[in-house]
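Visitor: Input file: query35.cif. Contents: mmCIF, C-alpha atoms.
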```
data_input
#
loop_
_atom_site.label_atom_id
_atom_site.label_comp_id
_atom_site.auth_asym_id
_atom_site.auth_seq_id
_atom_site.Cartn_x
_atom_site.Cartn_y
_atom_site.Cartn_z
CA MET A 276 20.81 -4.48 29.46
CA ASN A 277 19.51 -6.13 26.31
CA THR A 278 18.83 -3.62 23.56
CA PRO A 279 16.23 -4.92 21.12
CA LEU A 280 17.20 -5.04 17.46
CA ARG A 281 13.77 -3.80 16.38
CA LEU A 282 10.87 -1.94 17.96
CA SER A 283 7.31 -1.78 16.78
CA PRO A 284 6.34 1.74 15.64
CA ILE A 285 3.65 1.64 18.35
CA HIS A 286 5.86 0.05 21.02
CA ASP A 287 5.24 2.88 23.51
CA LEU A 288 1.47 2.79 23.02
CA LEU A 289 1.34 -0.88 23.97
CA GLN A 290 3.18 -0.41 27.26
CA SER A 291 0.03 0.20 29.28
CA LEU A 292 -1.72 -2.96 28.07
CA PRO A 293 -1.78 -6.11 30.19
CA GLY A 294 0.02 -9.15 28.81
CA ASN A 295 3.41 -10.81 28.59
CA TRP A 296 6.37 -9.46 26.67
CA GLN A 297 8.66 -11.71 24.72
CA ALA A 298 11.13 -11.30 21.86
CA ILE A 299 10.01 -12.40 18.38
CA ASN A 300 12.29 -11.80 15.40
CA GLY A 301 14.39 -9.44 17.55
CA MET A 302 11.38 -7.32 18.53
CA PRO A 303 9.75 -7.13 21.99
CA VAL A 304 6.19 -8.29 21.45
CA LEU A 305 3.25 -8.06 23.79
CA THR A 306 1.41 -11.35 23.72
CA VAL A 307 -2.23 -11.25 24.68
CA SER A 308 -4.60 -14.15 24.48
CA PRO A 309 -7.03 -13.34 21.68
CA PRO A 310 -10.62 -12.99 22.88
CA THR A 311 -13.03 -15.57 21.59
CA THR A 312 -15.77 -13.07 20.79
CA SER A 313 -15.22 -9.42 20.04
CA PRO A 314 -16.84 -7.26 17.37
CA LEU A 315 -13.48 -5.87 16.31
CA ILE A 316 -9.93 -6.96 17.03
CA LEU A 317 -6.82 -4.89 16.30
CA THR A 318 -3.58 -6.83 16.20
CA ASP A 319 -0.07 -5.42 15.91
CA ARG A 320 1.86 -7.68 13.52
CA SER A 321 4.91 -5.44 13.08
CA CYS A 322 7.23 -8.13 14.41
CA LEU A 323 6.80 -10.27 11.29
CA THR A 324 9.79 -10.12 8.96
CA ARG A 325 9.21 -8.56 5.57
CA PHE A 326 11.14 -7.57 2.50
CA GLY A 327 10.41 -5.12 -0.29
CA VAL A 328 11.86 -4.90 -3.77
CA LYS A 329 11.05 -2.77 -6.79
CA GLY A 330 12.33 -2.05 -10.25
CA ALA A 331 11.84 -3.15 -13.86
CA ASN A 332 13.70 -6.43 -13.22
CA ALA A 333 12.29 -7.11 -9.75
CA ALA A 334 9.75 -9.67 -10.99
CA ASP A 335 12.41 -11.64 -12.89
CA TRP A 336 14.76 -11.50 -9.90
CA LEU A 337 12.09 -12.86 -7.53
CA ALA A 338 11.27 -15.61 -10.04
CA SER A 339 14.97 -16.50 -10.13
CA GLN A 340 14.79 -16.93 -6.34
CA GLY A 341 12.18 -19.64 -6.85
CA LEU A 342 9.11 -17.58 -6.00
CA THR A 343 5.82 -17.58 -7.85
CA ILE A 344 4.84 -13.95 -8.22
CA PRO A 345 1.35 -12.49 -8.71
CA ASP A 346 0.76 -11.94 -12.41
CA ARG A 347 -1.52 -8.90 -12.02
CA PRO A 348 -0.79 -5.50 -10.43
CA ASN A 349 -2.32 -5.04 -6.98
CA SER A 350 -2.79 -8.70 -6.21
CA TRP A 351 -1.13 -11.23 -3.89
CA CYS A 352 -0.47 -14.94 -3.57
CA PRO A 353 0.69 -17.16 -0.71
CA LEU A 354 4.35 -18.05 -0.35
CA PRO A 355 5.27 -21.70 -0.90
CA ASN A 356 4.40 -24.08 1.91
CA PRO A 357 5.06 -24.43 4.76
CA SER A 358 5.61 -20.69 4.96
CA ALA A 359 2.04 -19.35 4.80
CA GLY A 360 3.43 -15.86 4.32
CA ILE A 361 2.41 -13.72 1.39
CA ILE A 362 3.93 -12.03 -1.63
CA ALA A 363 2.06 -8.92 -2.81
CA ARG A 364 2.47 -7.06 -6.08
CA LEU A 365 2.07 -3.33 -5.44
CA GLY A 366 1.42 -1.62 -8.76
CA LEU A 367 3.40 -2.85 -11.75
CA SER A 368 6.92 -3.41 -10.48
CA GLU A 369 7.04 -3.34 -6.67
CA PHE A 370 6.71 -6.35 -4.37
CA LEU A 371 6.19 -6.92 -0.67
CA ILE A 372 7.04 -10.25 0.93
CA GLU A 373 5.90 -10.88 4.50
CA ASP A 374 6.67 -14.02 6.45
CA SER A 375 4.44 -15.80 8.87
CA LEU A 376 5.59 -16.38 12.44
CA SER A 377 7.17 -19.67 11.44
CA SER A 378 8.99 -18.71 8.22
CA ARG A 379 12.20 -16.77 7.50
CA LEU A 380 12.07 -16.14 3.77
CA ALA A 381 12.24 -12.32 3.91
CA PRO A 382 15.65 -12.17 5.66
CA GLN A 383 16.99 -14.68 3.12
CA LEU A 384 15.80 -12.50 0.26
CA ALA A 385 17.31 -9.42 1.90
CA MET A 386 20.65 -11.22 2.10
CA ALA A 387 20.40 -12.35 -1.52
CA CYS A 388 19.66 -8.75 -2.53
CA GLN A 389 22.80 -7.29 -0.90
CA THR A 390 24.32 -6.88 -4.35
CA PRO A 391 21.26 -6.62 -6.57
CA PRO A 392 21.37 -6.90 -10.36
CA ALA A 393 20.51 -3.95 -12.59
CA LYS A 394 17.04 -2.43 -12.18
CA VAL A 395 16.39 -4.32 -8.93
CA TYR A 396 16.16 -2.11 -5.85
CA PRO A 397 15.59 -3.40 -2.29
CA VAL A 398 13.04 -1.39 -0.29
CA LEU A 399 13.46 -1.00 3.47
CA ARG A 400 10.16 -2.05 5.08
CA GLN A 401 9.87 -0.79 8.65
CA ASP A 402 6.10 -0.63 8.51
CA LEU A 403 3.46 -0.63 11.12
CA ALA A 404 1.66 -3.87 10.28
CA ILE A 405 -1.84 -4.30 11.68
CA ALA A 406 -4.57 -6.87 11.33
CA LEU A 407 -8.19 -5.82 11.62
CA SER A 408 -10.69 -8.59 12.19
CA GLY A 409 -14.15 -9.24 13.50
CA PRO A 410 -17.72 -8.62 12.33
CA ALA A 411 -17.47 -4.81 12.81
CA THR A 412 -14.39 -4.42 10.60
CA HIS A 413 -16.34 -2.98 7.67
CA GLU A 414 -17.99 -0.41 9.96
CA LEU A 415 -14.54 0.76 11.05
CA LEU A 416 -13.39 1.00 7.43
CA GLN A 417 -16.54 2.88 6.43
CA GLN A 418 -15.62 5.60 8.89
CA THR A 419 -12.00 5.85 7.84
CA CYS A 420 -11.80 5.17 4.08
CA ASN A 421 -13.67 6.13 0.92
CA LEU A 422 -13.60 2.69 -0.71
CA ASN A 423 -16.44 0.19 -0.72
CA PHE A 424 -14.73 -2.92 0.63
CA ARG A 425 -17.90 -5.02 0.54
CA ALA A 426 -17.80 -4.93 -3.27
CA LEU A 427 -14.39 -6.63 -3.44
CA ILE A 428 -14.09 -10.14 -4.83
CA LEU A 429 -11.80 -11.90 -2.37
CA ALA A 430 -11.19 -14.80 -4.75
CA ASP A 431 -9.25 -12.36 -6.95
CA ARG A 432 -6.82 -11.79 -4.05
CA PRO A 433 -6.87 -7.99 -4.34
CA ILE A 434 -4.37 -5.58 -2.83
CA LEU A 435 -5.50 -2.00 -2.28
CA LEU A 436 -3.22 1.01 -2.11
CA THR A 437 -5.37 3.72 -0.66
CA SER A 438 -5.73 6.36 2.01
CA LEU A 439 -7.05 5.62 5.50
CA ILE A 440 -7.73 8.67 7.71
CA GLY A 441 -5.28 10.53 5.50
CA VAL A 442 -2.49 7.96 5.78
CA VAL A 443 -1.27 6.03 2.75
CA VAL A 444 -1.81 2.34 3.46
CA THR A 445 -1.57 -1.01 1.73
CA LEU A 446 -4.56 -3.22 2.49
CA LEU A 447 -4.96 -6.95 1.97
CA PRO A 448 -8.62 -7.94 2.39
CA GLY A 449 -9.45 -11.45 3.47
CA GLU A 450 -11.72 -13.57 5.59
CA HIS A 451 -11.16 -15.56 8.77
CA ASN A 452 -13.77 -17.72 10.50
CA GLY A 453 -16.50 -16.16 8.38
CA HIS A 454 -15.61 -12.60 9.37
CA PRO A 455 -13.60 -9.91 7.52
CA PHE A 456 -9.86 -10.07 8.15
CA TYR A 457 -7.74 -7.20 6.81
CA ARG A 458 -3.98 -6.91 6.88
CA LEU A 459 -2.74 -3.35 6.75
CA TRP A 460 0.70 -1.82 6.30
CA CYS A 461 1.70 1.84 6.57
CA ASP A 462 4.84 3.90 7.01
CA GLY A 463 5.98 3.43 10.61
CA THR A 464 6.27 7.17 11.21
CA PHE A 465 2.48 7.47 10.88
CA GLY A 466 2.02 4.47 13.18
CA ASN A 467 1.08 6.26 16.39
CA TYR A 468 -1.53 8.45 14.73
CA LEU A 469 -3.06 5.60 12.76
CA TRP A 470 -3.13 3.17 15.69
CA GLN A 471 -4.53 5.69 18.18
CA THR A 472 -7.27 6.76 15.78
CA LEU A 473 -8.25 3.22 14.88
CA VAL A 474 -8.28 2.19 18.54
CA ALA A 475 -10.47 5.19 19.41
CA ILE A 476 -13.03 4.22 16.77
CA ALA A 477 -12.77 0.51 17.55
CA THR A 478 -13.45 1.19 21.22
CA GLU A 479 -16.81 2.71 20.26
CA PHE A 480 -17.69 -0.65 18.69
CA GLY A 481 -16.56 -2.53 21.80
CA GLY A 482 -13.39 -3.64 20.04
CA THR A 483 -10.30 -5.04 21.70
CA ILE A 484 -6.55 -4.97 21.10
CA THR A 485 -4.43 -8.06 20.89
CA ASN A 486 -0.99 -8.82 19.59
CA VAL A 487 0.43 -11.54 17.45
CA GLU A 488 -1.49 -14.75 18.00
CA LEU A 489 0.90 -17.38 19.25
CA MET B 81 -17.96 12.26 -4.72
CA LYS B 82 -15.84 12.83 -7.82
CA LEU B 83 -14.10 9.70 -9.08
CA ILE B 84 -11.06 9.37 -11.32
CA PRO B 85 -10.16 6.14 -13.16
CA CYS B 86 -6.55 5.15 -12.46
CA PRO B 87 -5.23 2.68 -15.07
CA ILE B 88 -3.59 0.61 -12.32
CA ASN B 89 -5.79 1.05 -9.24
CA GLY B 90 -9.21 1.50 -10.82
CA LEU B 91 -11.89 4.05 -9.93
CA ARG B 92 -10.82 6.06 -6.88
CA PRO B 93 -12.02 9.22 -5.09
CA VAL B 94 -10.39 12.45 -6.27
CA GLY B 95 -8.86 12.96 -2.82
CA GLU B 96 -6.34 10.21 -3.60
CA PHE B 97 -4.99 12.11 -6.62
CA VAL B 98 -2.64 15.00 -7.28
CA TYR B 99 -2.97 17.13 -10.41
CA GLY B 100 0.25 17.48 -12.40
CA GLY B 101 -0.69 19.99 -15.10
CA GLU B 102 -1.33 19.71 -18.81
CA VAL B 103 0.83 17.41 -20.93
CA ARG B 104 3.11 19.82 -22.82
CA PRO B 105 5.87 18.38 -25.01
CA MET B 106 9.13 20.21 -24.32
CA PRO B 107 10.90 21.69 -27.37
CA ASP B 108 14.58 20.87 -27.77
CA PRO B 109 16.29 23.58 -25.65
CA ASN B 110 19.45 23.39 -27.81
CA ALA B 111 17.66 23.91 -31.09
CA VAL B 112 14.75 26.18 -30.25
CA ASP B 113 14.72 29.99 -30.56
CA ASP B 114 14.24 32.21 -27.51
CA ASP B 115 10.65 33.19 -28.25
CA THR B 116 9.49 29.60 -28.55
CA TRP B 117 11.35 28.62 -25.39
CA ALA B 118 9.91 31.59 -23.46
CA SER B 119 6.44 30.66 -24.67
CA TYR B 120 6.94 27.08 -23.47
CA VAL B 121 8.15 28.24 -20.05
CA PHE B 122 5.67 31.04 -19.33
CA ASN B 123 2.53 30.57 -21.43
CA ARG B 124 -0.36 28.19 -20.83
CA THR B 125 -3.47 27.46 -22.88
CA GLY B 126 -6.40 28.59 -20.78
CA ALA B 127 -9.15 27.91 -23.31
CA PRO B 128 -11.47 25.08 -22.15
CA GLY B 129 -11.65 21.87 -24.14
CA VAL B 130 -10.47 18.28 -24.15
CA LYS B 131 -6.93 18.23 -22.73
CA GLN B 132 -4.36 15.65 -21.79
CA GLU B 133 -3.36 16.10 -18.15
CA TRP B 134 -0.89 14.51 -15.77
CA TRP B 135 -2.44 13.00 -12.63
CA CYS B 136 -0.81 10.99 -9.86
CA HIS B 137 -2.52 8.41 -7.65
CA SER B 138 -0.58 9.35 -4.52
CA PRO B 139 -0.99 6.16 -2.41
CA SER B 140 0.64 4.12 -5.18
CA ASN B 141 2.66 6.97 -6.73
CA THR B 142 1.25 6.08 -10.15
CA TRP B 143 1.61 8.90 -12.71
CA PHE B 144 -0.70 8.63 -15.70
CA ILE B 145 -2.50 10.68 -18.36
CA VAL B 146 -6.15 11.72 -18.16
CA GLU B 147 -8.04 13.07 -21.14
CA ARG B 148 -10.49 15.52 -19.61
CA ASN B 149 -12.92 18.07 -21.02
CA THR B 150 -12.08 21.10 -18.89
CA LEU B 151 -15.35 22.79 -19.90
CA THR B 152 -17.67 20.02 -18.69
CA ASP B 153 -15.20 18.33 -16.29
CA GLU B 154 -15.92 15.05 -18.07
CA ILE B 155 -13.15 12.43 -18.11
CA MET B 156 -12.86 10.67 -21.49
CA GLN B 157 -10.18 8.11 -20.70
CA SER B 158 -6.98 7.54 -18.73
CA TYR B 159 -3.84 5.59 -19.56
CA LEU B 160 -0.18 5.24 -18.67
CA TYR B 161 2.37 7.47 -20.41
CA ASP B 162 3.87 4.48 -22.24
CA GLU B 163 0.49 3.77 -23.78
CA MET B 164 0.13 7.38 -24.97
CA ARG B 165 2.77 6.90 -27.66
CA THR B 166 0.74 4.18 -29.29
CA ILE B 167 -2.56 6.07 -29.29
#
```
Show me, as structure tokens, the structure contained in the file I just sent.
Guide:
Amino acid sequence: MNTPLRLSPIHDLLQSLPGNWQAINGMPVLTVSPPTTSPLILTDRSCLTRFGVKGANAADWLASQGLTIPDRPNSWCPLPNPSAGIIARLGLSEFLIEDSLSSRLAPQLAMACQTPPAKVYPVLRQDLAIALSGPATHELLQQTCNLNFRALILADRPILLTSLIGVVVTLLPGEHNGHPFYRLWCDGTFGNYLWQTLVAIATEFGGTITNVEL
Amino acid sequence: MKLIPCPINGLRPVGEFVYGGEVRPMPDPNAVDDDTWASYVFNRTGAPGVKQEWWCHSPSNTWFIVERNTLTDEIMQSYLYDEMRTI
């Protein structure tokens, strides 16, 4: 029997969905063809590799690893090509790096941070990572969060640390094919509650669930 | 909805914050007399007015200082603790 190295926090909730399972980054992943038109699409992206680091010297340490870091708190920038992952600055001195499906920068940083210098602290990131997309995304957020997301200036590349249905989340707002596209991370232990609640609301909008787009 | 300005995260609803009490400088426990220490531990200033208070934006765990008029519930300004020393 092959025991997976990692499991999505919502692994059990995805068991009843149709689709094919395959291993990505050591995690069993349900692959579903994304629908061409749907008002709201929820995607589990927990299989992507990510790395967290915090501390007064974290920014200097990341710069010494050859990364360009966001210069403002609560903002993000893309990782160097051809990665297409992101590096997000959470507050003043904490960073989140998430790879794309094709890059492996986060595990390299985790290895490099095995013996960190002073005031650099690696952060274990076993998040539930979700993407919300589609024209009804803002309606879903209106029901679950107190912030006005329509007022955000996407060109500023904002990161929001806020509360969604009572769960602390990190949100990265964006746009894809002319529609809102939000990446969301939360503590994995809240994953089932958050996912089930979002799916329940999304279903009212005629939303659908997919998994990582391959 | 009541809003509080966080110096890092901007204007946010009060539900995202935790109140941490009034800013009260601690006297040196090795040098202070018992009455002063007991007053620091047990007594609080209940009179309304402009006070410096600790607040925490819980989603980002950002602790900062809010200057608030506790009579009118008006917030004057907010800033990080490091900035307080220079004000």
Visitor: List as a VMD selection string the residues having at least one atom at most 9 Å from position (0.0, 2.8, 4.1) as given in the file, counting all atoms listed in the file.
Guide: (chain A and resid 402 to 403 436 to 439 442 to 446 459 to 463 465) or (chain B and resid 139)
Visitor: Applying 6 Å and only C-alpha atoms, which residues near range 100-109 of chain B remain after dropping the ones on its own chain fewer than 5 positions away? List them as a ChimeraX atom specification.
Guide: /B:132-135
Visitor: Excluding His137 in chain B and its own-chain neighbours fewer than 3 positions away, which residues fall within 6 Å of it when counting all atoms listed in the file? Please give them as a list in words.
Guide: Glu96, Phe97, Ser140, Asn141 and Thr142 of chain B
Visitor: Can you list, as a ChimeraX atom specification, every protein, DNA or RNA residue that comes within 12 Å of Pro448 in chain A when you count all atoms listed in the file, leaving out same-chain residues fewer than 6 positions away?
Guide: /A:349-351,363,406-408,412-413,416,423-436,454-460
Visitor: In terms of the shortest atom-to-atom distance over all atoms listed in the file, which of B:Ser138, B:Asn89, B:Thr150, B:Asn110 is closest to Gly126 in chain B?
Guide: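 Smallest distance to Gly126 in chain B is found for B:Thr150.
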Visitor: For the structure provided, state which residues fall under the PyMOL selection byres ((chain A and resi 329) around 9), and present them as a ChimeraX atom specification.
Guide: /A:327-328,330-334,368-371,394-398
Visitor: Considering all atoms listed in the file, state which residue in the set A:Leu323, A:Leu380, A:Ala298, A:Ala477 is at the smallest distance from Glu414 in chain A.
Guide: A:Ala477
Visitor: For CA of His286 in chain A and CA of Gly466 in chain A, quote the distance in Å rounded to one decimal.
Guide: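 The value is 9.8 Å.
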Visitor: One number please: CA of Ile361 in chain A to CA of Leu317 in chain A, in Å, one decimal.
Guide: 19.6 Å
Visitor: Calculate how many Å separate CA of Gln417 in chain A from CA of Tyr468 in chain A, rounding to one decimal.
Guide: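 CA of Tyr468 in chain A lies 18.0 Å from CA of Gln417 in chain A.
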Visitor: Please expand the PyMOL selection byres ((chain A and resi 292) around 9) into the concrete residues it hits in this file, giving the result as a list in words.
Guide: Leu288, Leu289, Gln290, Ser291, Pro293, Gly294, Leu305, Val307 and Ile484 of chain A
Visitor: Expand the PyMOL selection byres ((chain B and resi 149) around 9) into the explicit residue set it covers here, and present it as a list in words.
Guide: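 Expected selection for the PyMOL selection byres ((chain B and resi 149) around 9) here is Pro128, Gly129, Val130, Lys131, Gln132, Glu147, Arg148, Thr150, Leu151, Thr152, Asp153, Glu154, Ile155 and Met156 of chain B.
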Visitor: Using only C-alpha atoms for the distances, tell me which of A:Ala404, A:Ile372, A:Leu367, A:Ile285 is nearest to Leu160 in chain B.
Guide: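 The shortest atom-to-atom distance to Leu160 in chain B comes from A:Leu367.
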Visitor: Pick from B:Phe122, B:Pro93, B:Pro85, B:Ala127: nearest to Val146 in chain B, with only C-alpha atoms counted?
Guide: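 Of the candidates, the smallest distance to Val146 in chain B is held by B:Pro85.
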Visitor: Using all atoms listed in the file, which residue out of A:Gln383, A:Ser339, A:Asn421, A:Thr472 lies closest to chain B?
Guide: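 Of A:Gln383, A:Ser339, A:Asn421, A:Thr472, the one nearest chain B, counting all atoms listed in the file, is A:Asn421.
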Visitor: Is it possible to get the residues within 7 Å of (-7.7, 2.9, -16.7) (coordinates as in the file, counting only C-alpha atoms) written as a count of residues only?
Guide: 7
Visitor: Missing atoms in range 140-161 of chain B need filling: write out N, CA and C atoms for it as a short mmCIF file (atom, residue, chain, number, x, y, z; two decimals), keeping the file's coordinate frame.
Guide:
```cif
data_model
loop_
_atom_site.label_atom_id
_atom_site.label_comp_id
_atom_site.auth_asym_id
_atom_site.auth_seq_id
_atom_site.Cartn_x
_atom_site.Cartn_y
_atom_site.Cartn_z
N SER B 140 -0.20 5.08 -4.45
CA SER B 140 0.64 4.12 -5.18
C SER B 140 1.71 4.83 -6.00
N ASN B 141 1.71 6.16 -5.97
CA ASN B 141 2.66 6.97 -6.73
C ASN B 141 2.63 6.60 -8.22
N THR B 142 1.42 6.42 -8.75
CA THR B 142 1.25 6.08 -10.15
C THR B 142 0.93 7.33 -10.96
N TRP B 143 1.86 7.75 -11.82
CA TRP B 143 1.61 8.90 -12.71
C TRP B 143 0.98 8.37 -14.00
N PHE B 144 -0.04 9.06 -14.48
CA PHE B 144 -0.70 8.63 -15.70
C PHE B 144 -1.35 9.84 -16.37
N ILE B 145 -1.90 9.60 -17.57
CA ILE B 145 -2.50 10.68 -18.36
C ILE B 145 -4.03 10.55 -18.31
N VAL B 146 -4.68 11.67 -18.11
CA VAL B 146 -6.15 11.72 -18.16
C VAL B 146 -6.55 12.65 -19.29
N GLU B 147 -7.45 12.18 -20.14
CA GLU B 147 -8.04 13.07 -21.14
C GLU B 147 -9.34 13.61 -20.56
N ARG B 148 -9.37 14.92 -20.33
CA ARG B 148 -10.49 15.52 -19.61
C ARG B 148 -11.00 16.74 -20.37
N ASN B 149 -12.32 16.86 -20.46
CA ASN B 149 -12.92 18.07 -21.02
C ASN B 149 -12.98 19.10 -19.89
N THR B 150 -12.15 20.14 -19.99
CA THR B 150 -12.08 21.10 -18.89
C THR B 150 -13.28 22.04 -18.88
N LEU B 151 -14.12 21.99 -19.91
CA LEU B 151 -15.35 22.79 -19.90
C LEU B 151 -16.43 22.08 -19.10
N THR B 152 -16.60 20.78 -19.35
CA THR B 152 -17.67 20.02 -18.69
C THR B 152 -17.16 19.18 -17.52
N ASP B 153 -15.85 19.14 -17.32
CA ASP B 153 -15.20 18.33 -16.29
C ASP B 153 -15.49 16.83 -16.49
N GLU B 154 -15.65 16.46 -17.75
CA GLU B 154 -15.92 15.05 -18.07
C GLU B 154 -14.60 14.36 -18.42
N ILE B 155 -14.38 13.19 -17.83
CA ILE B 155 -13.15 12.43 -18.11
C ILE B 155 -13.42 11.45 -19.24
N MET B 156 -12.66 11.56 -20.33
CA MET B 156 -12.86 10.67 -21.49
C MET B 156 -12.19 9.32 -21.25
N GLN B 157 -10.92 9.35 -20.93
CA GLN B 157 -10.18 8.11 -20.70
C GLN B 157 -8.90 8.42 -19.93
N SER B 158 -8.26 7.38 -19.41
CA SER B 158 -6.98 7.54 -18.73
C SER B 158 -6.07 6.37 -19.13
N TYR B 159 -4.79 6.63 -19.16
CA TYR B 159 -3.84 5.59 -19.56
C TYR B 159 -2.45 5.97 -19.08
N LEU B 160 -1.56 4.99 -19.07
CA LEU B 160 -0.18 5.24 -18.67
C LEU B 160 0.55 5.98 -19.78
N TYR B 161 1.62 6.67 -19.43
CA TYR B 161 2.37 7.47 -20.41
C TYR B 161 2.90 6.59 -21.54
#
```
